[in-house]
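Engineer: Got structure_9.txt for you, compact mmCIF, C-alpha atoms:
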# COMPACT_ATOMS: atom_id res chain seq x y z
CA MET A 138 -78.58 90.15 122.52
CA THR A 139 -78.73 93.49 120.76
CA SER A 140 -81.55 95.96 121.02
CA ALA A 141 -81.66 99.18 118.97
CA GLY A 142 -77.90 99.28 118.54
CA PHE A 143 -77.09 98.53 122.20
CA ASN A 144 -75.47 95.41 123.57
CA VAL A 145 -77.66 94.19 126.45
CA THR A 146 -76.21 91.71 128.94
CA SER A 147 -78.17 89.70 131.45
CA SER A 148 -75.42 89.30 134.06
CA LEU A 149 -72.17 90.87 135.20
CA THR A 150 -69.04 88.98 136.18
CA LEU A 151 -67.14 90.51 139.10
CA VAL A 152 -63.50 89.95 138.14
CA GLY A 153 -61.92 91.73 141.12
CA PHE A 154 -62.90 89.02 143.58
CA SER A 155 -61.12 86.26 141.63
CA SER A 156 -57.73 87.83 142.41
CA LEU A 157 -58.56 87.69 146.15
CA SER A 158 -59.20 83.94 146.20
CA GLY A 159 -56.28 83.26 148.58
CA HIS A 160 -57.48 85.81 151.12
CA SER A 161 -61.23 85.47 150.70
CA SER A 162 -61.84 83.68 154.02
CA LEU A 163 -59.84 86.30 155.94
CA LEU A 164 -61.68 89.13 154.20
CA PHE A 165 -65.00 87.37 154.85
CA PHE A 166 -64.35 87.34 158.61
CA VAL A 167 -63.17 90.97 158.58
CA PHE A 168 -66.35 92.07 156.80
CA LEU A 169 -68.44 89.86 159.11
CA LEU A 170 -66.92 91.54 162.17
CA LEU A 171 -67.47 94.99 160.65
CA TYR A 172 -71.06 94.13 159.81
CA LEU A 173 -71.78 92.78 163.30
CA PHE A 174 -70.17 95.84 164.87
CA VAL A 175 -72.34 98.18 162.77
CA LEU A 176 -75.47 96.15 163.56
CA PHE A 177 -74.91 96.09 167.31
CA SER A 178 -73.61 99.65 167.76
CA ASP A 179 -76.30 101.31 165.62
CA SER A 180 -79.05 99.17 167.16
CA LEU A 181 -77.83 99.97 170.66
CA VAL A 182 -77.81 103.73 170.06
CA ILE A 183 -81.26 103.60 168.42
CA TYR A 184 -82.59 101.56 171.35
CA ILE A 185 -81.16 104.01 173.89
CA ILE A 186 -82.63 107.01 172.05
CA CYS A 187 -86.05 105.34 171.78
CA SER A 188 -86.14 104.04 175.37
CA GLN A 189 -84.98 107.18 177.19
CA ARG A 190 -87.73 109.77 177.39
CA ALA A 191 -85.21 112.58 177.92
CA LEU A 192 -83.71 111.88 174.47
CA HIS A 193 -86.97 112.42 172.57
CA ARG A 194 -85.77 115.71 171.12
CA PRO A 195 -85.38 116.69 167.47
CA MET A 196 -81.60 116.33 167.34
CA PHE A 197 -81.67 112.82 168.77
CA THR A 198 -84.54 111.89 166.48
CA PHE A 199 -82.41 112.93 163.52
CA VAL A 200 -79.46 110.95 164.92
CA ALA A 201 -81.67 107.85 165.28
CA SER A 202 -82.94 108.32 161.72
CA PHE A 203 -79.39 108.69 160.44
CA LEU A 204 -78.32 105.52 162.26
CA LEU A 205 -81.35 103.65 160.92
CA ASN A 206 -80.32 104.77 157.44
CA SER A 207 -76.79 103.52 158.10
CA LEU A 208 -78.14 100.22 159.37
CA THR A 209 -80.24 99.76 156.25
CA ALA A 210 -77.33 100.58 153.94
CA SER A 211 -75.05 98.18 155.80
CA THR A 212 -77.64 95.43 155.53
CA LEU A 213 -77.86 96.11 151.82
CA ILE A 214 -74.11 96.06 151.14
CA TYR A 215 -72.29 93.76 153.59
CA PRO A 216 -74.19 90.48 153.00
CA LYS A 217 -73.66 90.74 149.23
CA ILE A 218 -69.94 91.42 149.69
CA MET A 219 -69.64 88.47 152.07
CA SER A 220 -71.48 86.10 149.72
CA ASP A 221 -69.27 87.25 146.83
CA LEU A 222 -66.16 86.61 148.93
CA LEU A 223 -67.36 83.09 149.71
CA LEU A 224 -68.10 82.41 146.04
CA SER A 225 -64.80 83.86 144.85
CA GLY A 226 -63.07 80.57 145.72
CA THR A 227 -65.00 78.90 142.90
CA GLY A 228 -63.99 81.66 140.50
CA LEU A 229 -67.59 82.46 139.53
CA VAL A 230 -68.93 85.65 140.99
CA GLN A 231 -71.79 86.80 138.82
CA MET A 232 -74.48 89.32 139.47
CA SER A 233 -77.63 89.73 137.46
CA ARG A 234 -78.21 93.05 135.72
CA THR A 235 -81.48 93.52 137.59
CA LEU A 236 -79.84 92.94 140.96
CA CYS A 237 -77.06 95.35 140.03
CA LEU A 238 -79.54 98.08 139.09
CA CYS A 239 -81.63 97.45 142.23
CA GLN A 240 -78.59 97.61 144.48
CA GLY A 241 -77.39 100.77 142.73
CA PHE A 242 -80.82 102.33 143.15
CA PHE A 243 -81.02 101.57 146.87
CA VAL A 244 -77.43 102.56 147.62
CA SER A 245 -77.83 105.91 145.89
CA SER A 246 -81.25 106.44 147.52
CA LEU A 247 -79.82 105.76 150.98
CA GLY A 248 -76.83 107.98 150.24
CA GLY A 249 -79.15 110.77 149.13
CA SER A 250 -81.29 110.41 152.22
CA SER A 251 -78.14 110.56 154.38
CA PHE A 252 -77.21 113.92 152.87
CA MET A 253 -80.78 115.16 153.25
CA LEU A 254 -80.84 114.10 156.90
CA LEU A 255 -77.54 115.88 157.52
CA SER A 256 -78.93 119.05 155.96
CA ALA A 257 -82.07 118.75 158.12
CA MET A 258 -79.87 118.33 161.19
CA ALA A 259 -77.94 121.45 160.21
CA PHE A 260 -81.19 123.39 159.73
CA ASP A 261 -82.40 122.15 163.14
CA ARG A 262 -79.22 123.45 164.78
CA TYR A 263 -79.62 126.74 162.91
CA LEU A 264 -83.15 127.14 164.29
CA SER A 265 -82.09 126.27 167.83
CA ILE A 266 -79.16 128.71 167.82
CA CYS A 267 -80.57 131.65 165.87
CA TYR A 268 -84.19 131.46 167.10
CA PRO A 269 -84.07 129.92 170.59
CA MET A 270 -87.34 131.49 171.75
CA HIS A 271 -89.30 130.21 168.75
CA TYR A 272 -87.61 126.82 168.52
CA ALA A 273 -90.29 124.88 170.40
CA VAL A 274 -93.01 126.24 168.13
CA LEU A 275 -91.03 125.74 164.92
CA GLN A 276 -89.99 122.17 165.68
CA GLN A 277 -93.07 120.34 166.80
CA ARG A 278 -93.19 116.55 166.99
CA ILE A 279 -95.56 116.16 164.02
CA SER A 280 -93.51 118.39 161.74
CA LEU A 281 -90.33 116.60 162.80
CA HIS A 282 -91.69 113.16 161.89
CA LEU A 283 -93.10 114.50 158.63
CA ILE A 284 -89.77 116.08 157.65
CA THR A 285 -87.86 112.91 158.55
CA SER A 286 -90.23 110.69 156.57
CA ILE A 287 -90.12 112.90 153.50
CA LEU A 288 -86.34 113.19 153.61
CA MET A 289 -85.77 109.45 154.00
CA MET A 290 -88.23 108.18 151.42
CA LEU A 291 -89.53 110.67 148.90
CA VAL A 292 -86.65 112.99 148.08
CA PRO A 293 -83.90 110.37 147.43
CA THR A 294 -86.23 108.36 145.24
CA VAL A 295 -87.11 111.37 143.12
CA LEU A 296 -83.54 112.68 142.92
CA ASN A 297 -81.94 109.28 142.31
CA PRO A 298 -79.30 109.27 139.57
CA VAL A 299 -80.08 105.64 138.66
CA VAL A 300 -83.59 106.66 137.60
CA TYR A 301 -82.18 109.36 135.35
CA GLY A 302 -79.25 107.16 134.31
CA LEU A 303 -81.60 105.01 132.29
CA LYS A 304 -81.79 107.90 129.82
CA LEU A 305 -78.15 108.84 130.18
CA LYS A 306 -77.63 109.70 126.52
CA GLU A 307 -80.41 112.31 126.64
CA VAL A 308 -78.97 113.81 129.82
CA PHE A 309 -75.50 114.11 128.24
CA THR A 310 -76.92 115.82 125.14
CA HIS A 311 -78.79 118.34 127.32
CA VAL A 312 -75.66 119.03 129.38
CA LYS A 313 -73.55 119.47 126.25
CA ARG A 314 -76.14 121.83 124.80
CA LEU A 315 -76.18 123.90 128.02
CA LEU A 316 -72.38 124.06 128.14
CA SER A 317 -72.14 125.09 124.50
CA CYS A 318 -74.72 127.85 125.09
CA HIS A 319 -72.69 129.21 128.01
CA ARG A 320 -69.45 129.14 126.01
CA ASP A 321 -71.03 131.00 123.07
CA SER A 322 -72.41 133.83 125.19
Translate the structure described by the file into structure tokens.
Structural biologist:
Amino acid sequence: MTSAGFNVTSSLTLVGFSSLSGHSSLLFFVFLLLYLFVLFSDSLVIYIICSQRALHRPMFTFVASFLLNSLTASTLIYPKIMSDLLLSGTGLVQMSRTLCLCQGFFVSSLGGSSFMLLSAMAFDRYLSICYPMHYAVLQQRISLHLITSILMMLVPTVLNPVVYGLKLKEVFTHVKRLLSCHRDS
């Protein structure tokens, strides 16, 4: 199917998994063990932070948010890899274009929110070290939850490269124009 000079496909064939057909069951169990380890370890740390009243501080809240982000990303990636490894024995590992774009969107959103959470953690440490007397006023519980919610949901969705990748040709022309202006001056 062609649309306005572009070749549009409805599915993608993952060729790399067909070469692993002899080792797919071993790789499946390795990824299953990794996935279970991530699930249990992250869930345990989140449970400990939520259940212990002494750990209800901003730094531990950011750590729990970061681990929740990691848990969500692992749940997004590992099951698809494991299902592809199981299907690689048949030689047909296909992924729809929509699923590919959705997975790319969520992976880049979760990656962006990870970086935003790390920067918020760094800012929290900066406030606690440089302004220790004002730290309790600056980091209140309501502002902490608001910052965490905004960083995990709004910012990565707005700054997602997949959203802007849909108009990739326009982005490249703007970048080329900016680079040519800087070279001329």
Engineer: Could you check how far CA of Phe260 in chain A sits from CA of Tyr184 in chain A, in Å to one decimal?
Structural biologist: 24.8 Å
Engineer: Can you tell me, as a PDB file with C-alpha atoms, in the frame of the given file, what residues are no more than 7 Å from range 190-200 of chain A when counting all atoms listed in the file, ignoring any on the same chain fewer than 3 positions away?
Structural biologist:
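Full text of result_14.pdb as output:
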ATOM      1  CA  ILE A 186     -82.630 107.010 172.050  1.00  0.00           C
ATOM      2  CA  PHE A 203     -79.390 108.690 160.440  1.00  0.00           C
ATOM      3  CA  LEU A 204     -78.320 105.520 162.260  1.00  0.00           C
ATOM      4  CA  LEU A 254     -80.840 114.100 156.900  1.00  0.00           C
ATOM      5  CA  MET A 258     -79.870 118.330 161.190  1.00  0.00           C
ATOM      6  CA  LEU A 281     -90.330 116.600 162.800  1.00  0.00           C
TER       7      LEU A 281
END
Engineer: To one decimal place, how far is CA of Phe243 in chain A from CA of Ser207 in chain A in Å?
Structural biologist: 12.2 Å
Engineer: Interatomic distance between CA of Ala201 in chain A and CA of Asp179 in chain A?
Structural biologist: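 A separation of 8.5 Å between them.
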Engineer: Given the choices A:Ile218, A:Leu236, A:Leu283, A:Ala210, which gets closest to Gly248 in chain A if the distance is worked out from only C-alpha atoms?
Structural biologist: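 Counting only C-alpha atoms, the residue closest to Gly248 in chain A is A:Ala210.
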Engineer: Between A:Val244, A:Leu208, A:Cys237, A:Cys267, single out the one closest to Val182 in chain A, counting only C-alpha atoms.
Structural biologist: A:Leu208
Engineer: Skipping near chain neighbours, those fewer than 6 positions away, what residues fall within 10 Å of Tyr263 in chain A using only C-alpha atoms, listed as an mmCIF file with C-alpha atoms, in the coordinates of the input?
Structural biologist:
data_model
loop_
_atom_site.group_PDB
_atom_site.id
_atom_site.type_symbol
_atom_site.label_atom_id
_atom_site.label_comp_id
_atom_site.auth_asym_id
_atom_site.auth_seq_id
_atom_site.Cartn_x
_atom_site.Cartn_y
_atom_site.Cartn_z
ATOM 1 C CA ALA A 257 -82.070 118.750 158.120
ATOM 2 C CA PRO A 269 -84.070 129.920 170.590
ATOM 3 C CA TYR A 272 -87.610 126.820 168.520
#
